[in-house]
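J.: Below is the file structure.pdb, which contains PDB, C-alpha atoms and all ligand atoms.
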MODEL        1
ATOM      1  CA  MET F   1     114.149  93.129 117.925
ATOM      2  CA  LYS F   2     110.551  93.144 116.713
ATOM      3  CA  LYS F   3     110.295  92.942 112.918
ATOM      4  CA  THR F   4     107.540  95.125 111.540
ATOM      5  CA  ALA F   5     106.484  95.311 107.905
ATOM      6  CA  VAL F   6     104.182  97.795 106.256
ATOM      7  CA  TYR F   7     101.967  96.575 103.411
ATOM      8  CA  PRO F   8     100.717  99.675 101.563
ATOM      9  CA  GLY F   9      98.181  99.881  98.778
ATOM     10  CA  SER F  10      94.875 101.331  97.731
ATOM     11  CA  PHE F  11      92.929  98.131  98.596
ATOM     12  CA  ASP F  12      89.805  99.324  96.792
ATOM     13  CA  PRO F  13      88.688  96.664  97.562
ATOM     14  CA  ILE F  14      91.067  94.261  99.301
ATOM     15  CA  THR F  15      91.158  90.988  97.321
ATOM     16  CA  ASN F  16      92.098  87.373  98.025
ATOM     17  CA  GLY F  17      95.391  88.134  96.264
ATOM     18  CA  HIS F  18      96.246  90.736  98.918
ATOM     19  CA  ILE F  19      95.117  88.378 101.711
ATOM     20  CA  ASP F  20      97.473  85.689 100.390
ATOM     21  CA  ILE F  21     100.444  88.099 100.515
ATOM     22  CA  ILE F  22      99.552  89.303 104.030
ATOM     23  CA  GLU F  23      99.133  85.807 105.465
ATOM     24  CA  ARG F  24     102.406  84.579 103.954
ATOM     25  CA  SER F  25     104.326  87.627 105.150
ATOM     26  CA  LEU F  26     103.473  86.705 108.754
ATOM     27  CA  ALA F  27     105.944  83.832 108.449
ATOM     28  CA  VAL F  28     108.700  86.449 108.156
ATOM     29  CA  PHE F  29     107.511  89.396 110.267
ATOM     30  CA  ASP F  30     106.277  89.704 113.843
ATOM     31  CA  GLU F  31     103.797  92.384 112.874
ATOM     32  CA  VAL F  32     102.289  93.526 109.573
ATOM     33  CA  ILE F  33     100.610  96.920 109.272
ATOM     34  CA  ILE F  34      98.249  97.207 106.311
ATOM     35  CA  VAL F  35      98.221 100.832 105.248
ATOM     36  CA  VAL F  36      95.447 102.149 103.036
ATOM     37  CA  ALA F  37      97.108 104.950 101.092
ATOM     38  CA  SER F  38      94.492 107.680 101.159
ATOM     39  CA  SER F  39      96.287 109.896  98.640
ATOM     40  CA  VAL F  40      95.876 107.410  95.781
ATOM     41  CA  ARG F  41      92.817 108.270  93.669
ATOM     42  CA  LYS F  42      91.763 105.493  91.316
ATOM     43  CA  ASN F  43      88.097 105.975  90.561
ATOM     44  CA  ASN F  44      87.128 105.150  94.149
ATOM     45  CA  PHE F  45      84.688 102.339  94.828
ATOM     46  CA  LEU F  46      84.832 102.352  98.633
ATOM     47  CA  THR F  47      85.872 105.252 100.873
ATOM     48  CA  VAL F  48      89.154 105.009 102.775
ATOM     49  CA  GLU F  49      87.153 104.570 105.984
ATOM     50  CA  GLU F  50      85.118 101.700 104.497
ATOM     51  CA  ARG F  51      88.295  99.999 103.274
ATOM     52  CA  VAL F  52      90.007 100.308 106.666
ATOM     53  CA  ASN F  53      86.917  99.006 108.494
ATOM     54  CA  LEU F  54      86.529  96.031 106.166
ATOM     55  CA  ILE F  55      90.204  95.053 106.411
ATOM     56  CA  ARG F  56      89.993  95.350 110.220
ATOM     57  CA  GLN F  57      87.024  92.976 110.219
ATOM     58  CA  VAL F  58      88.818  90.493 107.965
ATOM     59  CA  PHE F  59      91.792  90.311 110.350
ATOM     60  CA  LYS F  60      90.060  90.969 113.664
ATOM     61  CA  ALA F  61      91.189  87.638 115.119
ATOM     62  CA  ASN F  62      94.837  88.201 114.242
ATOM     63  CA  LYS F  63      96.790  90.220 116.783
ATOM     64  CA  LYS F  64      99.837  90.385 114.504
ATOM     65  CA  ILE F  65      97.997  92.487 111.929
ATOM     66  CA  LYS F  66      97.145  96.157 112.267
ATOM     67  CA  VAL F  67      95.285  98.386 109.834
ATOM     68  CA  ASP F  68      95.760 102.100 109.314
ATOM     69  CA  SER F  69      95.447 104.817 106.656
ATOM     70  CA  TRP F  70      98.008 107.369 105.593
ATOM     71  CA  GLY F  71      97.963 110.345 103.246
ATOM     72  CA  GLY F  72     101.691 110.984 102.901
ATOM     73  CA  LEU F  73     104.870 109.205 101.868
ATOM     74  CA  ILE F  74     105.043 105.551 102.855
ATOM     75  CA  MET F  75     108.622 106.027 104.040
ATOM     76  CA  ASP F  76     107.418 108.668 106.521
ATOM     77  CA  TYR F  77     104.852 106.190 107.798
ATOM     78  CA  CYS F  78     107.583 103.539 108.176
ATOM     79  CA  LYS F  79     109.630 105.981 110.222
ATOM     80  CA  LYS F  80     106.636 106.797 112.424
ATOM     81  CA  VAL F  81     106.000 103.140 113.305
ATOM     82  CA  ASN F  82     109.639 102.029 113.188
ATOM     83  CA  ALA F  83     109.051  99.517 110.386
ATOM     84  CA  ASN F  84     111.928  97.513 108.897
ATOM     85  CA  ALA F  85     110.343  96.705 105.564
ATOM     86  CA  VAL F  86     107.681  97.397 102.997
ATOM     87  CA  ILE F  87     105.988  94.408 101.386
ATOM     88  CA  ARG F  88     104.793  94.449  97.802
ATOM     89  CA  GLY F  89     103.171  91.662  95.823
ATOM     90  CA  LEU F  90     104.221  90.889  92.269
ATOM     91  CA  ARG F  91     101.682  89.293  89.983
ATOM     92  CA  ALA F  92     103.280  89.434  86.557
ATOM     93  CA  ALA F  93     106.337  90.868  84.832
ATOM     94  CA  SER F  94     104.225  93.930  84.004
ATOM     95  CA  ASP F  95     104.127  94.853  87.719
ATOM     96  CA  PHE F  96     107.892  94.823  87.912
ATOM     97  CA  GLU F  97     108.900  98.106  86.270
ATOM     98  CA  TYR F  98     106.641 100.278  88.421
ATOM     99  CA  GLU F  99     107.560  98.358  91.577
ATOM    100  CA  PHE F 100     111.269  98.580  90.755
ATOM    101  CA  MET F 101     111.062 102.377  90.386
ATOM    102  CA  MET F 102     109.023 102.772  93.547
ATOM    103  CA  ALA F 103     111.395 100.599  95.570
ATOM    104  CA  ALA F 104     114.356 102.639  94.296
ATOM    105  CA  MET F 105     112.664 105.933  95.174
ATOM    106  CA  ASN F 106     111.722 104.653  98.622
ATOM    107  CA  LYS F 107     115.289 103.442  99.199
ATOM    108  CA  ASN F 108     116.522 106.947  98.358
ATOM    109  CA  ILE F 109     114.073 108.486 100.799
ATOM    110  CA  ASN F 110     114.948 106.082 103.626
ATOM    111  CA  SER F 111     117.779 103.606 103.107
ATOM    112  CA  LYS F 112     116.999 101.809 106.387
ATOM    113  CA  VAL F 113     113.736 100.349 105.077
ATOM    114  CA  GLU F 114     113.898  97.385 102.689
ATOM    115  CA  THR F 115     111.263  96.611 100.071
ATOM    116  CA  MET F 116     110.429  92.913  99.992
ATOM    117  CA  PHE F 117     108.627  91.436  97.011
ATOM    118  CA  MET F 118     106.462  88.363  97.251
ATOM    119  CA  MET F 119     104.991  86.467  94.342
ATOM    120  CA  THR F 120     101.215  86.401  94.369
ATOM    121  CA  GLY F 121      99.724  82.904  94.594
ATOM    122  CA  GLN F 122      99.576  81.188  91.189
ATOM    123  CA  ASP F 123      95.805  80.887  91.263
ATOM    124  CA  LEU F 124      95.375  84.571  92.181
ATOM    125  CA  PHE F 125      97.730  86.405  89.827
ATOM    126  CA  PHE F 126      94.963  87.631  87.484
ATOM    127  CA  ILE F 127      93.014  89.453  90.225
ATOM    128  CA  SER F 128      93.169  93.226  90.536
ATOM    129  CA  SER F 129      90.913  95.664  92.348
ATOM    130  CA  THR F 130      90.009  97.284  89.008
ATOM    131  CA  MET F 131      88.935  93.907  87.645
ATOM    132  CA  ILE F 132      86.753  93.325  90.734
ATOM    133  CA  LYS F 133      85.149  96.769  90.333
ATOM    134  CA  GLU F 134      84.419  96.075  86.662
ATOM    135  CA  LEU F 135      83.006  92.612  87.370
ATOM    136  CA  HIS F 136      80.734  94.071  90.044
ATOM    137  CA  HIS F 137      79.693  97.001  87.857
ATOM    138  CA  PHE F 138      78.414  94.624  85.177
ATOM    139  CA  GLY F 139      76.604  92.386  87.649
ATOM    140  CA  GLY F 140      79.213  89.604  87.881
ATOM    141  CA  ASP F 141      79.846  87.552  91.013
ATOM    142  CA  ILE F 142      82.879  88.873  92.918
ATOM    143  CA  SER F 143      82.606  86.355  95.759
ATOM    144  CA  PRO F 144      85.391  84.002  94.537
ATOM    145  CA  TYR F 145      87.917  86.841  94.548
ATOM    146  CA  VAL F 146      87.327  88.846  97.722
ATOM    147  CA  PRO F 147      86.976  88.017 101.429
ATOM    148  CA  LYS F 148      83.413  87.031 102.453
ATOM    149  CA  ILE F 149      83.081  90.178 104.575
ATOM    150  CA  VAL F 150      83.858  92.396 101.568
ATOM    151  CA  ASN F 151      81.366  90.564  99.334
ATOM    152  CA  GLN F 152      78.627  90.788 101.984
ATOM    153  CA  TYR F 153      79.308  94.501 102.542
ATOM    154  CA  VAL F 154      79.155  95.297  98.820
ATOM    155  CA  ARG F 155      75.899  93.351  98.430
ATOM    156  CA  ARG F 156      74.325  95.129 101.416
ATOM    157  CA  LYS F 157      75.400  98.484 100.000
ATOM    158  CA  ASP F 158      73.889  97.635  96.605
ATOM    159  CA  LYS F 159      70.561  96.667  98.186
ATOM    160  CA  SER F 160      70.365  99.940 100.131
ATOM    161  CA  LYS F 161      70.713 102.028  96.948
TER     162      LYS F 161
HETATM  163  N1  LIG V   1      96.767  90.296  94.543
HETATM  164  C1  LIG V   1      95.824  90.893  93.827
HETATM  165  N2  LIG V   1      95.929  92.137  93.371
HETATM  166  C2  LIG V   1      97.039  92.787  93.648
HETATM  167  C3  LIG V   1      98.085  92.223  94.370
HETATM  168  C4  LIG V   1      97.897  90.913  94.842
HETATM  169  N3  LIG V   1      98.824  90.299  95.559
HETATM  170  N4  LIG V   1      99.070  93.106  94.471
HETATM  171  C5  LIG V   1      98.675  94.188  93.823
HETATM  172  N5  LIG V   1      97.453  93.993  93.316
HETATM  173  C6  LIG V   1      96.691  94.903  92.489
HETATM  174  C7  LIG V   1      95.805  95.808  93.231
HETATM  175  O1  LIG V   1      94.523  95.268  93.372
HETATM  176  C8  LIG V   1      95.834  97.039  92.356
HETATM  177  O2  LIG V   1      94.883  96.930  91.365
HETATM  178  P1  LIG V   1      94.255  98.233  90.690
HETATM  179  O3  LIG V   1      95.378  98.976  90.036
HETATM  180  O4  LIG V   1      93.303  97.635  89.751
HETATM  181  O5  LIG V   1      93.624  99.030  91.802
HETATM  182  C9  LIG V   1      97.208  97.008  91.720
HETATM  183  O6  LIG V   1      97.629  95.698  91.828
HETATM  184  C10 LIG V   1      98.234  97.833  92.409
HETATM  185  O7  LIG V   1      97.706  98.222  93.612
HETATM  186  P2  LIG V   1      98.361  98.340  95.015
HETATM  187  O8  LIG V   1      99.255  97.224  95.313
HETATM  188  O9  LIG V   1      97.257  98.618  95.959
HETATM  189  O10 LIG V   1      99.249  99.559  94.812
HETATM  190  P3  LIG V   1      98.773 100.920  94.347
HETATM  191  O11 LIG V   1      99.419 101.162  93.040
HETATM  192  O12 LIG V   1      97.310 101.093  94.406
HETATM  193  O13 LIG V   1      99.369 101.773  95.516
HETATM  194  C11 LIG V   1     101.094 102.775  96.799
HETATM  195  C12 LIG V   1     100.666 102.176  95.474
HETATM  196  C13 LIG V   1      99.955 103.288  97.613
HETATM  197  C14 LIG V   1     101.785 101.708  97.592
HETATM  198  C15 LIG V   1     102.065 103.893  96.449
HETATM  199  O14 LIG V   1     101.461 104.749  95.501
HETATM  200  C16 LIG V   1     102.469 104.701  97.653
HETATM  201  O15 LIG V   1     103.250 104.256  98.456
HETATM  202  N6  LIG V   1     101.905 105.913  97.770
HETATM  203  C17 LIG V   1     102.196 106.843  98.843
HETATM  204  C18 LIG V   1     103.189 107.924  98.383
HETATM  205  C19 LIG V   1     104.560 107.331  98.279
HETATM  206  O16 LIG V   1     105.216 107.077  99.271
HETATM  207  N7  LIG V   1     104.998 107.113  97.030
HETATM  208  C20 LIG V   1     106.283 106.451  96.726
HETATM  209  C21 LIG V   1     107.477 107.360  96.731
HETATM  210  S1  LIG V   1     107.291 108.829  95.814
ENDMDL
END
As a first step, turn the structure in this file into structure tokens.
Ligand code: COA

T.:
Amino acid sequence: MKKTAVYPGSFDPITNGHIDIIERSLAVFDEVIIVVASSVRKNNFLTVEERVNLIRQVFKANKKIKVDSWGGLIMDYCKKVNANAVIRGLRAASDFEYEFMMAAMNKNINSKVETMFMMTGQDLFFISSTMIKELHHFGGDISPYVPKIVNQYVRRKDKSK
């Protein structure tokens, strides 16, 4: 049976920390669907469409990765695509409480879908999308922390302003 995992998040923008989790999860799953949760509002930097397009470009050579957006419950999305698991990355102990509650709620909604936690790479644990947005806002260089495609897109967008 094909093993499909859903990796949900706001990905505003996707960072090297997310990429690390996605690439490692392919050792366990046949297919990973990255789902940009369009209902999450966190002082948006990129539109949902921009985020989906950028993530598609990052993984365009990888047939095992799909990218989508979703405005409802993640468990409903899992049901729609017949996913076995949700993947979440843990960076520090501070992530745990929120993730623990969310996994428990999701388990209550659909007990057939497991939440699998992966530790973020040791050299990437301090990255967050908010940190990237702040760095960029104050003119810092975001290129070490995001995929090349994302950095190029953001720079092009800045120039066109
Ligand atoms: N590397 C780097 N950064 C990481 C990371 C990693 N491996 N894993 C998480 N992060 C960062 C993100 O950049 C993000 O930073 P930010 O807060 O500065 O934006 C933060 O950790 C958490 O983001 P993310 O993993 O994208 O989760 P989220 O909190 O933005 O999204 C959803 C949470 C979308 C998964 C969740 O709200 C959801 O499923 N919503 C749909 C409704 C639903 O089903 N709710 C649950 C049941 S009620």

J.: Given the PyMOL selection byres (((chain F and resi 28) around 12) and not hetatm) and the file above, list the residues it selects as a list in words.

T.: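 Expected selection for the PyMOL selection byres (((chain F and resi 28) around 12) and not hetatm) here is Lys2, Lys3, Thr4, Ala5, Ile21, Ile22, Glu23, Arg24, Ser25, Leu26, Ala27, Phe29, Asp30, Glu31, Val32, Lys64, Asn84, Ala85, Ile87, Met116 and Met118 of chain F.
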
J.: Measuring between only C-alpha atoms, which one of F:Phe126, F:Tyr77, F:Phe59, F:Phe11 shows the shortest distance to Val40 (chain F)?

T.: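 Going through F:Phe126, F:Tyr77, F:Phe59, F:Phe11 one by one, the smallest distance to Val40 (chain F) is for F:Phe11.
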
J.: Please provide the set of residues having any atom within 12 Å of region 93-95 of chain F, restricted to only C-alpha atoms, with same-chain residues fewer than 6 positions apart removed, written as a PyMOL selection string.

T.: chain F and resi 101-102+117-120+125-126+128

J.: Kindly indicate which residue among F:Leu46, F:Val146, F:Gly121, F:Val36 lies nearest to Lys66 (chain F), using all atoms listed in the file for the distances.

T.: F:Val36

J.: Please, which residues in chain F fall within 8 Å of ligand LIG 1 (chain V) when counting all atoms listed in the file, and what is the closest atom pair and distance in Å to one decimal for each, ordered by chain then residue number, as CSV?

T.:
residue,atom,partner,partner_atom,distance
F:Tyr7,CA,V:LIG1,C14,7.8
F:Pro8,CA,V:LIG1,C14,4.6
F:Gly9,CA,V:LIG1,O9,3.2
F:Ser10,CA,V:LIG1,O9,4.0
F:Phe11,CA,V:LIG1,O9,5.1
F:Asp12,CA,V:LIG1,O5,6.3
F:Pro13,CA,V:LIG1,O1,7.3
F:Ile14,CA,V:LIG1,O1,6.9
F:Thr15,CA,V:LIG1,C1,5.8
F:Asn16,CA,V:LIG1,N1,6.5
F:Gly17,CA,V:LIG1,N1,3.1
F:His18,CA,V:LIG1,N3,4.3
F:Ile19,CA,V:LIG1,N3,7.4
F:Asp20,CA,V:LIG1,N3,6.8
F:Ile21,CA,V:LIG1,N3,5.7
F:Val36,CA,V:LIG1,C13,7.1
F:Ala37,CA,V:LIG1,C13,4.8
F:Ser38,CA,V:LIG1,C13,7.9
F:Ser39,CA,V:LIG1,C17,6.7
F:Val40,CA,V:LIG1,C13,6.1
F:Lys42,CA,V:LIG1,O5,6.7
F:Trp70,CA,V:LIG1,C17,8.0
F:Gly71,CA,V:LIG1,C17,7.0
F:Gly72,CA,V:LIG1,C18,5.7
F:Leu73,CA,V:LIG1,O16,3.4
F:Ile74,CA,V:LIG1,O16,3.9
F:Met75,CA,V:LIG1,O16,6.0
F:Asp76,CA,V:LIG1,O16,7.7
F:Arg88,CA,V:LIG1,O8,6.7
F:Gly89,CA,V:LIG1,N4,4.6
F:Leu90,CA,V:LIG1,N4,6.0
F:Arg91,CA,V:LIG1,N3,6.3
F:Asp95,CA,V:LIG1,O6,7.7
F:Met102,CA,V:LIG1,C20,5.6
F:Ala103,CA,V:LIG1,C20,7.9
F:Met105,CA,V:LIG1,C21,5.6
F:Asn106,CA,V:LIG1,C21,5.4
F:Ile109,CA,V:LIG1,C21,7.8
F:Met119,CA,V:LIG1,N3,7.4
F:Thr120,CA,V:LIG1,N3,4.7
F:Gly121,CA,V:LIG1,N3,7.5
F:Leu124,CA,V:LIG1,N1,6.3
F:Phe125,CA,V:LIG1,N1,6.2
F:Phe126,CA,V:LIG1,C1,7.2
F:Ile127,CA,V:LIG1,C1,4.8
F:Ser128,CA,V:LIG1,O1,3.7
F:Ser129,CA,V:LIG1,O1,3.8
F:Thr130,CA,V:LIG1,O4,3.4
F:Met131,CA,V:LIG1,O4,6.1
F:Ile132,CA,V:LIG1,O4,7.9

J.: Restore N, CA and C atoms in region 139-156 of chain F and list the result as a PDB file, in the frame of the given file.

T.:
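After the write, part_18.pdb holds the following:
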ATOM      1  N   GLY F 139      77.474  93.388  87.034  1.00  0.00           N
ATOM      2  CA  GLY F 139      76.604  92.386  87.649  1.00  0.00           C
ATOM      3  C   GLY F 139      77.224  91.015  87.843  1.00  0.00           C
ATOM      4  N   GLY F 140      78.539  90.901  87.684  1.00  0.00           N
ATOM      5  CA  GLY F 140      79.213  89.604  87.881  1.00  0.00           C
ATOM      6  C   GLY F 140      79.353  89.277  89.364  1.00  0.00           C
ATOM      7  N   ASP F 141      79.703  88.026  89.634  1.00  0.00           N
ATOM      8  CA  ASP F 141      79.846  87.552  91.013  1.00  0.00           C
ATOM      9  C   ASP F 141      81.297  87.737  91.473  1.00  0.00           C
ATOM     10  N   ILE F 142      81.500  88.606  92.454  1.00  0.00           N
ATOM     11  CA  ILE F 142      82.879  88.873  92.918  1.00  0.00           C
ATOM     12  C   ILE F 142      83.288  87.953  94.070  1.00  0.00           C
ATOM     13  N   SER F 143      82.336  87.132  94.544  1.00  0.00           N
ATOM     14  CA  SER F 143      82.606  86.355  95.759  1.00  0.00           C
ATOM     15  C   SER F 143      83.829  85.416  95.687  1.00  0.00           C
ATOM     16  N   PRO F 144      84.201  84.873  94.513  1.00  0.00           N
ATOM     17  CA  PRO F 144      85.391  84.002  94.537  1.00  0.00           C
ATOM     18  C   PRO F 144      86.703  84.763  94.722  1.00  0.00           C
ATOM     19  N   TYR F 145      86.664  86.078  94.603  1.00  0.00           N
ATOM     20  CA  TYR F 145      87.917  86.841  94.548  1.00  0.00           C
ATOM     21  C   TYR F 145      88.176  87.768  95.725  1.00  0.00           C
ATOM     22  N   VAL F 146      87.170  87.928  96.585  1.00  0.00           N
ATOM     23  CA  VAL F 146      87.327  88.846  97.722  1.00  0.00           C
ATOM     24  C   VAL F 146      86.932  88.135  99.009  1.00  0.00           C
ATOM     25  N   PRO F 147      87.408  88.633 100.177  1.00  0.00           N
ATOM     26  CA  PRO F 147      86.976  88.017 101.429  1.00  0.00           C
ATOM     27  C   PRO F 147      85.448  88.105 101.572  1.00  0.00           C
ATOM     28  N   LYS F 148      84.867  87.122 102.275  1.00  0.00           N
ATOM     29  CA  LYS F 148      83.413  87.031 102.453  1.00  0.00           C
ATOM     30  C   LYS F 148      82.841  88.349 102.989  1.00  0.00           C
ATOM     31  N   ILE F 149      83.537  88.925 103.949  1.00  0.00           N
ATOM     32  CA  ILE F 149      83.081  90.178 104.575  1.00  0.00           C
ATOM     33  C   ILE F 149      82.946  91.292 103.541  1.00  0.00           C
ATOM     34  N   VAL F 150      83.876  91.352 102.609  1.00  0.00           N
ATOM     35  CA  VAL F 150      83.858  92.396 101.568  1.00  0.00           C
ATOM     36  C   VAL F 150      82.663  92.151 100.635  1.00  0.00           C
ATOM     37  N   ASN F 151      82.473  90.904 100.231  1.00  0.00           N
ATOM     38  CA  ASN F 151      81.366  90.564  99.334  1.00  0.00           C
ATOM     39  C   ASN F 151      80.020  90.892  99.990  1.00  0.00           C
ATOM     40  N   GLN F 152      79.889  90.533 101.276  1.00  0.00           N
ATOM     41  CA  GLN F 152      78.627  90.788 101.984  1.00  0.00           C
ATOM     42  C   GLN F 152      78.377  92.293 102.091  1.00  0.00           C
ATOM     43  N   TYR F 153      79.440  93.051 102.385  1.00  0.00           N
ATOM     44  CA  TYR F 153      79.308  94.501 102.542  1.00  0.00           C
ATOM     45  C   TYR F 153      78.852  95.141 101.226  1.00  0.00           C
ATOM     46  N   VAL F 154      79.479  94.724 100.136  1.00  0.00           N
ATOM     47  CA  VAL F 154      79.155  95.297  98.820  1.00  0.00           C
ATOM     48  C   VAL F 154      77.703  94.969  98.448  1.00  0.00           C
ATOM     49  N   ARG F 155      77.280  93.748  98.751  1.00  0.00           N
ATOM     50  CA  ARG F 155      75.899  93.351  98.430  1.00  0.00           C
ATOM     51  C   ARG F 155      74.893  94.142  99.251  1.00  0.00           C
ATOM     52  N   ARG F 156      75.222  94.340 100.546  1.00  0.00           N
ATOM     53  CA  ARG F 156      74.325  95.129 101.416  1.00  0.00           C
ATOM     54  C   ARG F 156      74.215  96.556 100.900  1.00  0.00           C
TER      55      ARG F 156
END
